[in-house]
$ cat final-v5.json   # JSON, C-alpha atoms
[["chain", "number", "residue", "atom", "x", "y", "z"],
["A", 1, "MET", "CA", -5.21, -21.27, -19.06],
["A", 2, "LEU", "CA", -7.68, -20.35, -21.79],
["A", 3, "VAL", "CA", -11.04, -22.10, -21.89],
["A", 4, "HIS", "CA", -12.87, -21.90, -25.20],
["A", 5, "SER", "CA", -15.92, -24.10, -24.61],
["A", 6, "ARG", "CA", -19.10, -22.57, -23.23],
["A", 7, "LYS", "CA", -19.44, -25.32, -20.62],
["A", 8, "GLY", "CA", -15.87, -24.81, -19.42],
["A", 9, "LYS", "CA", -16.37, -21.06, -19.09],
["A", 10, "TRP", "CA", -19.56, -21.51, -17.06],
["A", 11, "THR", "CA", -17.76, -24.02, -14.84],
["A", 12, "LEU", "CA", -14.90, -21.60, -14.18],
["A", 13, "TRP", "CA", -17.30, -18.72, -13.45],
["A", 14, "THR", "CA", -19.27, -20.91, -11.05],
["A", 15, "LEU", "CA", -16.11, -21.97, -9.21],
["A", 16, "PHE", "CA", -14.97, -18.34, -9.08],
["A", 17, "LEU", "CA", -18.25, -17.17, -7.57],
["A", 18, "VAL", "CA", -18.42, -20.07, -5.11],
["A", 19, "LEU", "CA", -14.87, -19.44, -3.90],
["A", 20, "PHE", "CA", -14.67, -15.65, -4.21],
["A", 21, "VAL", "CA", -17.93, -14.55, -2.62],
["A", 22, "PRO", "CA", -17.68, -16.48, 0.69],
["A", 23, "LEU", "CA", -13.93, -15.91, 1.16],
["A", 24, "PHE", "CA", -13.45, -12.33, 0.00],
["A", 25, "ALA", "CA", -16.61, -10.44, -0.88],
["A", 26, "LEU", "CA", -18.94, -11.62, 1.89],
["A", 27, "PRO", "CA", -16.85, -10.34, 4.85],
["A", 28, "LEU", "CA", -16.57, -6.93, 3.20],
["A", 29, "LEU", "CA", -20.30, -6.85, 2.48],
["A", 30, "VAL", "CA", -21.00, -7.66, 6.13],
["A", 31, "ILE", "CA", -18.81, -4.70, 7.17],
["A", 32, "VAL", "CA", -20.71, -2.43, 4.79],
["A", 33, "ALA", "CA", -24.05, -3.69, 6.16],
["A", 34, "ALA", "CA", -22.89, -3.22, 9.76],
["A", 35, "SER", "CA", -21.87, 0.36, 9.00],
["A", 36, "PHE", "CA", -25.55, 1.23, 8.41],
["A", 37, "ALA", "CA", -26.84, -0.64, 11.49],
["A", 38, "THR", "CA", -27.49, 0.09, 15.15],
["A", 39, "ASN", "CA", -27.71, -3.47, 16.48],
["A", 40, "TRP", "CA", -27.19, -7.08, 15.52],
["A", 41, "SER", "CA", -30.19, -9.41, 15.49],
["A", 42, "GLY", "CA", -29.72, -12.95, 14.32],
["A", 43, "ALA", "CA", -27.28, -13.46, 11.46],
["A", 44, "PHE", "CA", -27.52, -9.93, 10.06],
["A", 45, "PRO", "CA", -27.24, -6.36, 11.39],
["A", 46, "SER", "CA", -30.45, -4.37, 11.72],
["A", 47, "GLY", "CA", -31.72, -0.91, 12.62],
["A", 48, "PRO", "CA", -30.69, 1.07, 9.51],
["A", 49, "THR", "CA", -29.13, 4.48, 10.20],
["A", 50, "PHE", "CA", -26.67, 6.99, 8.74],
["A", 51, "GLU", "CA", -25.46, 8.22, 12.13],
["A", 52, "ASN", "CA", -22.45, 5.92, 12.02],
["A", 53, "TYR", "CA", -21.15, 7.75, 8.96],
["A", 54, "ALA", "CA", -21.81, 11.10, 10.58],
["A", 55, "SER", "CA", -19.41, 10.01, 13.34],
["A", 56, "ALA", "CA", -16.97, 8.49, 10.84],
["A", 57, "THR", "CA", -16.57, 11.66, 8.78],
["A", 58, "ARG", "CA", -16.03, 14.28, 11.46],
["A", 59, "GLY", "CA", -14.03, 14.96, 14.61],
["A", 60, "GLU", "CA", -11.38, 12.41, 15.54],
["A", 61, "SER", "CA", -12.23, 10.09, 12.65],
["A", 62, "LEU", "CA", -11.73, 12.83, 10.08],
["A", 63, "ARG", "CA", -8.42, 13.82, 11.65],
["A", 64, "ALA", "CA", -7.38, 10.15, 11.66],
["A", 65, "LEU", "CA", -8.25, 9.88, 7.95],
["A", 66, "THR", "CA", -6.13, 12.94, 7.20],
["A", 67, "THR", "CA", -3.30, 11.47, 9.27],
["A", 68, "SER", "CA", -3.47, 8.18, 7.36],
["A", 69, "LEU", "CA", -3.47, 9.93, 3.98],
["A", 70, "VAL", "CA", -0.49, 12.13, 4.87],
["A", 71, "THR", "CA", 1.41, 9.18, 6.34],
["A", 72, "ALA", "CA", 0.67, 6.91, 3.38],
["A", 73, "VAL", "CA", 1.61, 9.54, 0.77],
["A", 74, "ALA", "CA", 4.84, 10.45, 2.56],
["A", 75, "ALA", "CA", 5.82, 6.82, 3.15],
["A", 76, "SER", "CA", 5.00, 5.87, -0.46],
["A", 77, "LEU", "CA", 7.08, 8.69, -1.93],
["A", 78, "LEU", "CA", 10.03, 7.92, 0.33],
["A", 79, "ALA", "CA", 9.75, 4.18, -0.36],
["A", 80, "LEU", "CA", 9.55, 4.82, -4.09],
["A", 81, "LEU", "CA", 12.62, 7.06, -3.99],
["A", 82, "VAL", "CA", 14.73, 4.70, -1.88],
["A", 83, "GLY", "CA", 13.45, 1.50, -3.49],
["A", 84, "SER", "CA", 13.95, 2.76, -7.05],
["A", 85, "TRP", "CA", 17.43, 4.07, -6.31],
["A", 86, "ALA", "CA", 18.40, 0.77, -4.66],
["A", 87, "ALA", "CA", 16.92, -1.28, -7.52],
["A", 88, "LEU", "CA", 18.88, 0.72, -10.11],
["A", 89, "ALA", "CA", 22.06, 0.34, -8.05],
["A", 90, "ALA", "CA", 21.50, -3.39, -7.50],
["A", 91, "HIS", "CA", 21.09, -3.97, -11.24],
["A", 92, "ALA", "CA", 24.69, -2.86, -11.74],
["A", 93, "LEU", "CA", 26.08, -5.04, -8.94],
["A", 94, "PRO", "CA", 27.42, -8.59, -9.30],
["A", 95, "LYS", "CA", 25.10, -11.44, -8.31],
["A", 96, "LYS", "CA", 26.40, -11.73, -4.75],
["A", 97, "GLY", "CA", 25.99, -8.00, -4.15],
["A", 98, "LYS", "CA", 22.47, -8.05, -5.60],
["A", 99, "ARG", "CA", 21.50, -11.00, -3.39],
["A", 100, "LEU", "CA", 22.80, -9.15, -0.33],
["A", 101, "LEU", "CA", 20.79, -6.06, -1.24],
["A", 102, "ASP", "CA", 17.68, -8.18, -1.92],
["A", 103, "THR", "CA", 18.00, -9.75, 1.51],
["A", 104, "LEU", "CA", 18.48, -6.38, 3.18],
["A", 105, "PHE", "CA", 15.33, -4.89, 1.66],
["A", 106, "MET", "CA", 13.19, -8.00, 2.15],
["A", 107, "LEU", "CA", 14.14, -8.41, 5.81],
["A", 108, "PRO", "CA", 11.44, -6.00, 7.16],
["A", 109, "VAL", "CA", 8.67, -8.00, 5.45],
["A", 110, "ALA", "CA", 10.18, -11.35, 6.45],
["A", 111, "VAL", "CA", 9.58, -10.60, 10.14],
["A", 112, "PRO", "CA", 6.32, -9.55, 11.84],
["A", 113, "SER", "CA", 5.61, -5.84, 11.49],
["A", 114, "VAL", "CA", 5.37, -5.52, 15.28],
["A", 115, "VAL", "CA", 9.06, -6.48, 15.40],
["A", 116, "VAL", "CA", 9.84, -3.67, 12.97],
["A", 117, "GLY", "CA", 7.84, -1.31, 15.15],
["A", 118, "LEU", "CA", 9.76, -2.34, 18.24],
["A", 119, "ALA", "CA", 13.08, -2.00, 16.42],
["A", 120, "VAL", "CA", 12.23, 1.51, 15.25],
["A", 121, "LEU", "CA", 11.03, 2.44, 18.74],
["A", 122, "VAL", "CA", 14.26, 1.29, 20.36],
["A", 123, "ALA", "CA", 16.51, 2.77, 17.67],
["A", 124, "PHE", "CA", 14.93, 6.23, 17.62],
["A", 125, "SER", "CA", 14.13, 6.85, 21.28],
["A", 126, "GLN", "CA", 17.53, 8.28, 22.21],
["A", 127, "PRO", "CA", 19.57, 11.24, 20.93],
["A", 128, "PRO", "CA", 20.85, 12.08, 18.40],
["A", 129, "PHE", "CA", 17.95, 10.45, 16.50],
["A", 130, "LEU", "CA", 15.11, 11.18, 18.90],
["A", 131, "LEU", "CA", 11.90, 10.63, 16.93],
["A", 132, "ASN", "CA", 9.81, 8.89, 19.58],
["A", 133, "GLY", "CA", 6.62, 10.83, 20.29],
["A", 134, "THR", "CA", 6.57, 12.53, 16.87],
["A", 135, "ARG", "CA", 4.76, 11.83, 13.63],
["A", 136, "TRP", "CA", 8.07, 11.17, 11.91],
["A", 137, "ILE", "CA", 8.61, 7.86, 13.68],
["A", 138, "VAL", "CA", 5.30, 6.59, 12.28],
["A", 139, "ILE", "CA", 6.19, 7.74, 8.77],
["A", 140, "LEU", "CA", 9.63, 6.15, 9.10],
["A", 141, "ALA", "CA", 8.18, 2.80, 10.22],
["A", 142, "HIS", "CA", 5.69, 2.78, 7.34],
["A", 143, "THR", "CA", 8.48, 3.63, 4.91],
["A", 144, "ILE", "CA", 10.61, 0.74, 6.15],
["A", 145, "LEU", "CA", 7.70, -1.67, 5.86],
["A", 146, "VAL", "CA", 6.69, -0.76, 2.29],
["A", 147, "THR", "CA", 10.07, -0.02, 0.69],
["A", 148, "ALA", "CA", 10.62, -3.72, 0.01],
["A", 149, "PHE", "CA", 7.59, -3.82, -2.29],
["A", 150, "ALA", "CA", 8.78, -0.77, -4.25],
["A", 151, "TYR", "CA", 12.25, -2.29, -4.52],
["A", 152, "GLN", "CA", 10.98, -5.64, -5.79],
["A", 153, "SER", "CA", 8.54, -4.07, -8.26],
["A", 154, "VAL", "CA", 11.15, -1.78, -9.80],
["A", 155, "SER", "CA", 13.79, -4.54, -9.80],
["A", 156, "ALA", "CA", 11.50, -6.83, -11.76],
["A", 157, "ALA", "CA", 10.73, -4.04, -14.24],
["A", 158, "ILE", "CA", 14.43, -3.25, -14.76],
["A", 159, "VAL", "CA", 15.15, -6.88, -15.64],
["A", 160, "ARG", "CA", 12.42, -6.76, -18.32],
["A", 161, "LEU", "CA", 13.76, -3.58, -19.94],
["A", 162, "ASP", "CA", 15.20, -3.97, -23.43],
["A", 163, "PRO", "CA", 18.85, -2.82, -23.19],
["A", 164, "ALA", "CA", 18.69, -1.72, -26.83],
["A", 165, "TYR", "CA", 17.11, 1.59, -25.81],
["A", 166, "GLU", "CA", 19.95, 2.48, -23.48],
["A", 167, "GLN", "CA", 22.56, 1.28, -25.96],
["A", 168, "ALA", "CA", 21.04, 3.35, -28.73],
["A", 169, "ALA", "CA", 20.99, 6.47, -26.56],
["A", 170, "ALA", "CA", 24.58, 5.88, -25.42],
["A", 171, "SER", "CA", 25.74, 5.33, -29.01],
["A", 172, "LEU", "CA", 24.33, 8.74, -29.91],
["A", 173, "GLY", "CA", 26.47, 10.37, -27.23],
["A", 174, "ALA", "CA", 23.97, 10.62, -24.38],
["A", 175, "ARG", "CA", 25.49, 10.89, -20.92],
["A", 176, "PRO", "CA", 24.55, 8.23, -18.30],
["A", 177, "SER", "CA", 22.48, 10.78, -16.37],
["A", 178, "TYR", "CA", 20.57, 11.71, -19.54],
["A", 179, "VAL", "CA", 19.94, 8.03, -20.32],
["A", 180, "LEU", "CA", 18.62, 7.53, -16.79],
["A", 181, "TRP", "CA", 16.24, 10.50, -16.76],
["A", 182, "ARG", "CA", 15.08, 10.53, -20.37],
["A", 183, "VAL", "CA", 15.20, 6.84, -21.34],
["A", 184, "LYS", "CA", 15.18, 4.43, -18.41],
["A", 185, "LEU", "CA", 12.85, 6.21, -15.96],
["A", 186, "PRO", "CA", 10.14, 6.94, -18.57],
["A", 187, "LEU", "CA", 10.18, 3.25, -19.50],
["A", 188, "LEU", "CA", 9.85, 2.36, -15.81],
["A", 189, "LEU", "CA", 7.00, 4.81, -15.19],
["A", 190, "PRO", "CA", 4.16, 2.21, -15.30],
["A", 191, "SER", "CA", 6.00, 0.04, -12.77],
["A", 192, "LEU", "CA", 6.77, 3.05, -10.60],
["A", 193, "ASN", "CA", 3.08, 3.96, -10.54],
["A", 194, "ALA", "CA", 2.13, 0.39, -9.67],
["A", 195, "ALA", "CA", 4.69, 0.32, -6.86],
["A", 196, "ALA", "CA", 3.40, 3.65, -5.53],
["A", 197, "GLY", "CA", -0.18, 2.33, -5.44],
["A", 198, "LEU", "CA", 0.86, -0.85, -3.64],
["A", 199, "CYS", "CA", 2.93, 1.08, -1.07],
["A", 200, "PHE", "CA", 0.04, 3.48, -0.46],
["A", 201, "ALA", "CA", -2.49, 0.68, 0.08],
["A", 202, "LEU", "CA", -0.19, -1.19, 2.47],
["A", 203, "SER", "CA", 0.56, 1.95, 4.46],
["A", 204, "MET", "CA", -3.12, 2.85, 4.74],
["A", 205, "GLY", "CA", -3.87, -0.52, 6.35],
["A", 206, "GLU", "CA", -0.81, -0.87, 8.60],
["A", 207, "LEU", "CA", -1.75, -1.39, 12.27],
["A", 208, "SER", "CA", 0.67, -3.60, 14.22],
["A", 209, "ALA", "CA", 3.77, -1.42, 14.08],
["A", 210, "THR", "CA", 1.69, 1.77, 14.24],
["A", 211, "MET", "CA", 0.11, 0.73, 17.54],
["A", 212, "MET", "CA", 3.56, 0.74, 19.17],
["A", 213, "LEU", "CA", 4.67, 4.10, 17.78],
["A", 214, "TYR", "CA", 1.89, 6.61, 17.22],
["A", 215, "PRO", "CA", 1.74, 9.71, 19.45],
["A", 216, "PRO", "CA", -1.66, 10.95, 20.70],
["A", 217, "ASP", "CA", -1.77, 13.74, 18.11],
["A", 218, "TRP", "CA", -0.97, 11.45, 15.16],
["A", 219, "MET", "CA", -3.47, 8.59, 15.20],
["A", 220, "PRO", "CA", -3.93, 6.89, 11.80],
["A", 221, "LEU", "CA", -7.32, 5.54, 10.79],
["A", 222, "PRO", "CA", -6.58, 1.81, 11.38],
["A", 223, "VAL", "CA", -5.76, 2.65, 15.01],
["A", 224, "ARG", "CA", -9.02, 4.61, 15.23],
["A", 225, "ILE", "CA", -10.92, 1.55, 13.94],
["A", 226, "PHE", "CA", -9.21, -0.70, 16.46],
["A", 227, "THR", "CA", -9.92, 1.60, 19.40],
["A", 228, "ALA", "CA", -13.57, 2.05, 18.36],
["A", 229, "THR", "CA", -14.24, -1.68, 18.12],
["A", 230, "ASP", "CA", -12.21, -2.39, 21.26],
["A", 231, "ARG", "CA", -14.54, -0.06, 23.18],
["A", 232, "GLY", "CA", -17.59, -1.86, 21.82],
["A", 233, "SER", "CA", -18.50, 0.65, 19.07],
["A", 234, "LEU", "CA", -18.69, -2.06, 16.43],
["A", 235, "PHE", "CA", -20.99, -0.23, 14.05],
["A", 236, "THR", "CA", -19.12, 3.07, 14.20],
["A", 237, "GLY", "CA", -15.90, 1.14, 13.65],
["A", 238, "SER", "CA", -17.46, -0.53, 10.62],
["A", 239, "ALA", "CA", -18.39, 2.86, 9.16],
["A", 240, "VAL", "CA", -14.85, 4.11, 9.70],
["A", 241, "ALA", "CA", -13.53, 0.94, 8.03],
["A", 242, "VAL", "CA", -15.74, 1.61, 5.00],
["A", 243, "VAL", "CA", -14.40, 5.17, 4.85],
["A", 244, "LEU", "CA", -10.87, 3.74, 4.94],
["A", 245, "MET", "CA", -11.67, 1.31, 2.12],
["A", 246, "GLY", "CA", -13.29, 4.04, 0.05],
["A", 247, "ALA", "CA", -10.42, 6.50, 0.45],
["A", 248, "THR", "CA", -7.86, 3.81, -0.42],
["A", 249, "LEU", "CA", -9.80, 2.67, -3.48],
["A", 250, "LEU", "CA", -10.21, 6.24, -4.77],
["A", 251, "VAL", "CA", -6.47, 6.87, -4.57],
["A", 252, "LEU", "CA", -5.70, 3.50, -6.19],
["A", 253, "LEU", "CA", -8.12, 4.25, -9.04],
["A", 254, "ALA", "CA", -6.39, 7.59, -9.60],
["A", 255, "VAL", "CA", -2.99, 5.87, -9.64],
["A", 256, "SER", "CA", -4.36, 3.25, -12.03],
["A", 257, "ARG", "CA", -5.46, 5.95, -14.46],
["A", 258, "VAL", "CA", -2.01, 7.51, -14.35],
["A", 259, "ARG", "CA", -0.43, 4.09, -14.91],
["A", 260, "THR", "CA", -2.71, 3.41, -17.88],
["A", 261, "ARG", "CA", -1.78, 6.70, -19.52],
["A", 262, "ALA", "CA", 1.90, 6.10, -18.83],
["A", 263, "SER", "CA", 1.78, 2.67, -20.46],
["A", 264, "TYR", "CA", 0.53, 4.20, -23.72],
["A", 265, "ARG", "CA", 3.13, 6.96, -23.89]]
$ encode --input "final-v5.json" --output "structure tokens"
Amino acid sequence: MLVHSRKGKWTLWTLFLVLFVPLFALPLLVIVAASFATNWSGAFPSGPTFENYASATRGESLRALTTSLVTAVAASLLALLVGSWAALAAHALPKKGKRLLDTLFMLPVAVPSVVVGLAVLVAFSQPPFLLNGTRWIVILAHTILVTAFAYQSVSAAIVRLDPAYEQAAASLGARPSYVLWRVKLPLLLPSLNAAAGLCFALSMGELSATMMLYPPDWMPLPVRIFTATDRGSLFTGSAVAVVLMGATLLVLLAVSRVRTRASYR
């Protein structure tokens, strides 16, 4: 809703700041403040130091960051491939078939992620699909959890596509594969980039299912944060959390730039 009066705009900005800062920004600012502290006195952390970041950017924390990045990139690419393929296939199905496919892909996000983790653990702990104890079971679980978002994003974009482009290409003799690669996918590129960014962010922050599956040599950063705070290292855990936020935001900004360029092509 557009507000044109000066008083109305100031009212909306005031409401936004009153609601946004306490609910969203303040907890994050407290984490940032705690990452530079050594103790907690009163309502705020105190004892400024950079040692927490020294611990958060080397050793196990650095390996955990690398693990999270590799896992998130792999899961996002797989989710984008499977979700896009399924969305394109569902668009050609009758309504009942599309509803069935929608339900199938939304099922992993309709249940708690710890249930998905348990299901993956049980399903892939016996031959011939023995993945338990390897990094691949973590990547698989993340892929299952984020594919639904790629599927929904691409499905919504396909519905908004103007069929005139495909019809024009087909009328000029273009094969269906050519129409897909040179017409439909370029038009879907902004939505594909948005889906990739969303899948990456969700994978970077996934904890519940990961706790049930990760092997000792493949610990993602959210698990590292949990173990640090569980052992009482609150301030080191806060620094690691800030590193996680920073790495996720940098990748999302890069994806946003790609999406912006794609939208103007």
$ closest_residue --input "final-v5.json" --among "A:Ile31, A:Val251, A:Leu180, A:Leu140" --to "Thr236 in chain A" --atoms "all atoms listed in the file"
A:Ile31
$ residues_around --input "final-v5.json" --residues "Val122 in chain A" --least-positions-apart "2" --cutoff "12 Å" --atoms "only C-alpha atoms" --output "MDAnalysis selection string"
chainID A and resid 115:120 124:127 129:132 137 141 212:213
$ atom_distance --input "final-v5.json" --atom1 "CA of Thr248 in chain A" --atom2 "CA of Val73 in chain A"
11.1 Å
$ closest_residue --input "final-v5.json" --among "A:Met204, A:Val114, A:Leu100, A:Val146" --to "Met245 in chain A" --atoms "only C-alpha atoms"
A:Met204
$ closest_atom_pairs --input "final-v5.json" --of "range 49-149 of chain A" --to "range 195-202 of chain A" --cutoff "12 Å" --atoms "only C-alpha atoms" --output "CSV"
residue,atom,partner,partner_atom,distance
A:Ser68,CA,A:Phe200,CA,9.8
A:Leu69,CA,A:Phe200,CA,8.6
A:Val70,CA,A:Phe200,CA,10.2
A:Thr71,CA,A:Phe200,CA,9.0
A:Ala72,CA,A:Phe200,CA,5.2
A:Val73,CA,A:Phe200,CA,6.4
A:Ala74,CA,A:Phe200,CA,9.0
A:Ala75,CA,A:Phe200,CA,7.6
A:Ser76,CA,A:Cys199,CA,5.3
A:Leu77,CA,A:Ala196,CA,7.2
A:Leu78,CA,A:Ala196,CA,9.8
A:Ala79,CA,A:Cys199,CA,7.5
A:Leu80,CA,A:Ala196,CA,6.4
A:Leu81,CA,A:Ala196,CA,10.0
A:Val82,CA,A:Ala196,CA,11.9
A:Gly83,CA,A:Ala195,CA,9.5
A:Ser84,CA,A:Ala195,CA,9.6
A:Val109,CA,A:Leu202,CA,11.6
A:Ser113,CA,A:Leu202,CA,11.7
A:Ile139,CA,A:Phe200,CA,11.9
A:His142,CA,A:Leu202,CA,8.6
A:Thr143,CA,A:Cys199,CA,8.5
A:Ile144,CA,A:Cys199,CA,10.5
A:Leu145,CA,A:Leu202,CA,8.6
A:Val146,CA,A:Cys199,CA,5.4
A:Thr147,CA,A:Cys199,CA,7.4
A:Ala148,CA,A:Cys199,CA,9.1
A:Phe149,CA,A:Ala195,CA,6.8
$ write_last_selection --input "final-v5.json" --atoms "C-alpha atoms" --output "tab-separated table (two decimals), keeping the file's coordinate frame"
chain	number	residue	atom	x	y	z
A	68	SER	CA	-3.47	8.18	7.36
A	69	LEU	CA	-3.47	9.93	3.98
A	70	VAL	CA	-0.49	12.13	4.87
A	71	THR	CA	1.41	9.18	6.34
A	72	ALA	CA	0.67	6.91	3.38
A	73	VAL	CA	1.61	9.54	0.77
A	74	ALA	CA	4.84	10.45	2.56
A	75	ALA	CA	5.82	6.82	3.15
A	76	SER	CA	5.00	5.87	-0.46
A	77	LEU	CA	7.08	8.69	-1.93
A	78	LEU	CA	10.03	7.92	0.33
A	79	ALA	CA	9.75	4.18	-0.36
A	80	LEU	CA	9.55	4.82	-4.09
A	81	LEU	CA	12.62	7.06	-3.99
A	82	VAL	CA	14.73	4.70	-1.88
A	83	GLY	CA	13.45	1.50	-3.49
A	84	SER	CA	13.95	2.76	-7.05
A	109	VAL	CA	8.67	-8.00	5.45
A	113	SER	CA	5.61	-5.84	11.49
A	139	ILE	CA	6.19	7.74	8.77
A	142	HIS	CA	5.69	2.78	7.34
A	143	THR	CA	8.48	3.63	4.91
A	144	ILE	CA	10.61	0.74	6.15
A	145	LEU	CA	7.70	-1.67	5.86
A	146	VAL	CA	6.69	-0.76	2.29
A	147	THR	CA	10.07	-0.02	0.69
A	148	ALA	CA	10.62	-3.72	0.01
A	149	PHE	CA	7.59	-3.82	-2.29
$ atom_distance --input "final-v5.json" --atom1 "CA of Ala241 in chain A" --atom2 "CA of Ser256 in chain A"
22.2 Å
$ atom_distance --input "final-v5.json" --atom1 "CA of Leu250 in chain A" --atom2 "CA of Asp230 in chain A"
27.5 Å
$ residues_around --input "final-v5.json" --residues "Gly47 in chain A" --least-positions-apart "6" --cutoff "9 Å" --atoms "all atoms listed in the file" --output "list in words"
Phe36, Ala37, Thr38, Asn39 and Trp40 of chain A
$ closest_residue --input "final-v5.json" --among "A:Gln152, A:Ser46, A:Ser61, A:Ser41" --to "Ala90 in chain A" --atoms "only C-alpha atoms"
A:Gln152
$ closest_residue --input "final-v5.json" --among "A:Phe20, A:Val154, A:Val240, A:Glu206" --to "Gly59 in chain A" --atoms "only C-alpha atoms"
A:Val240
$ residues_around --input "final-v5.json" --residues "Tyr165 in chain A" --least-positions-apart "5" --cutoff "9 Å" --atoms "only C-alpha atoms" --output "short mmCIF file (atom, residue, chain, number, x, y, z; two decimals) with C-alpha atoms, keeping the file's coordinate frame"
data_model
loop_
_atom_site.label_atom_id
_atom_site.label_comp_id
_atom_site.auth_asym_id
_atom_site.auth_seq_id
_atom_site.Cartn_x
_atom_site.Cartn_y
_atom_site.Cartn_z
CA ALA A 170 24.58 5.88 -25.42
CA VAL A 179 19.94 8.03 -20.32
CA VAL A 183 15.20 6.84 -21.34
CA LYS A 184 15.18 4.43 -18.41
#
$ residues_around --input "final-v5.json" --residues "Gly237 in chain A" --least-positions-apart "5" --cutoff "8 Å" --atoms "all atoms listed in the file" --output "ChimeraX atom specification"
/A:35,56,224-226,228-229
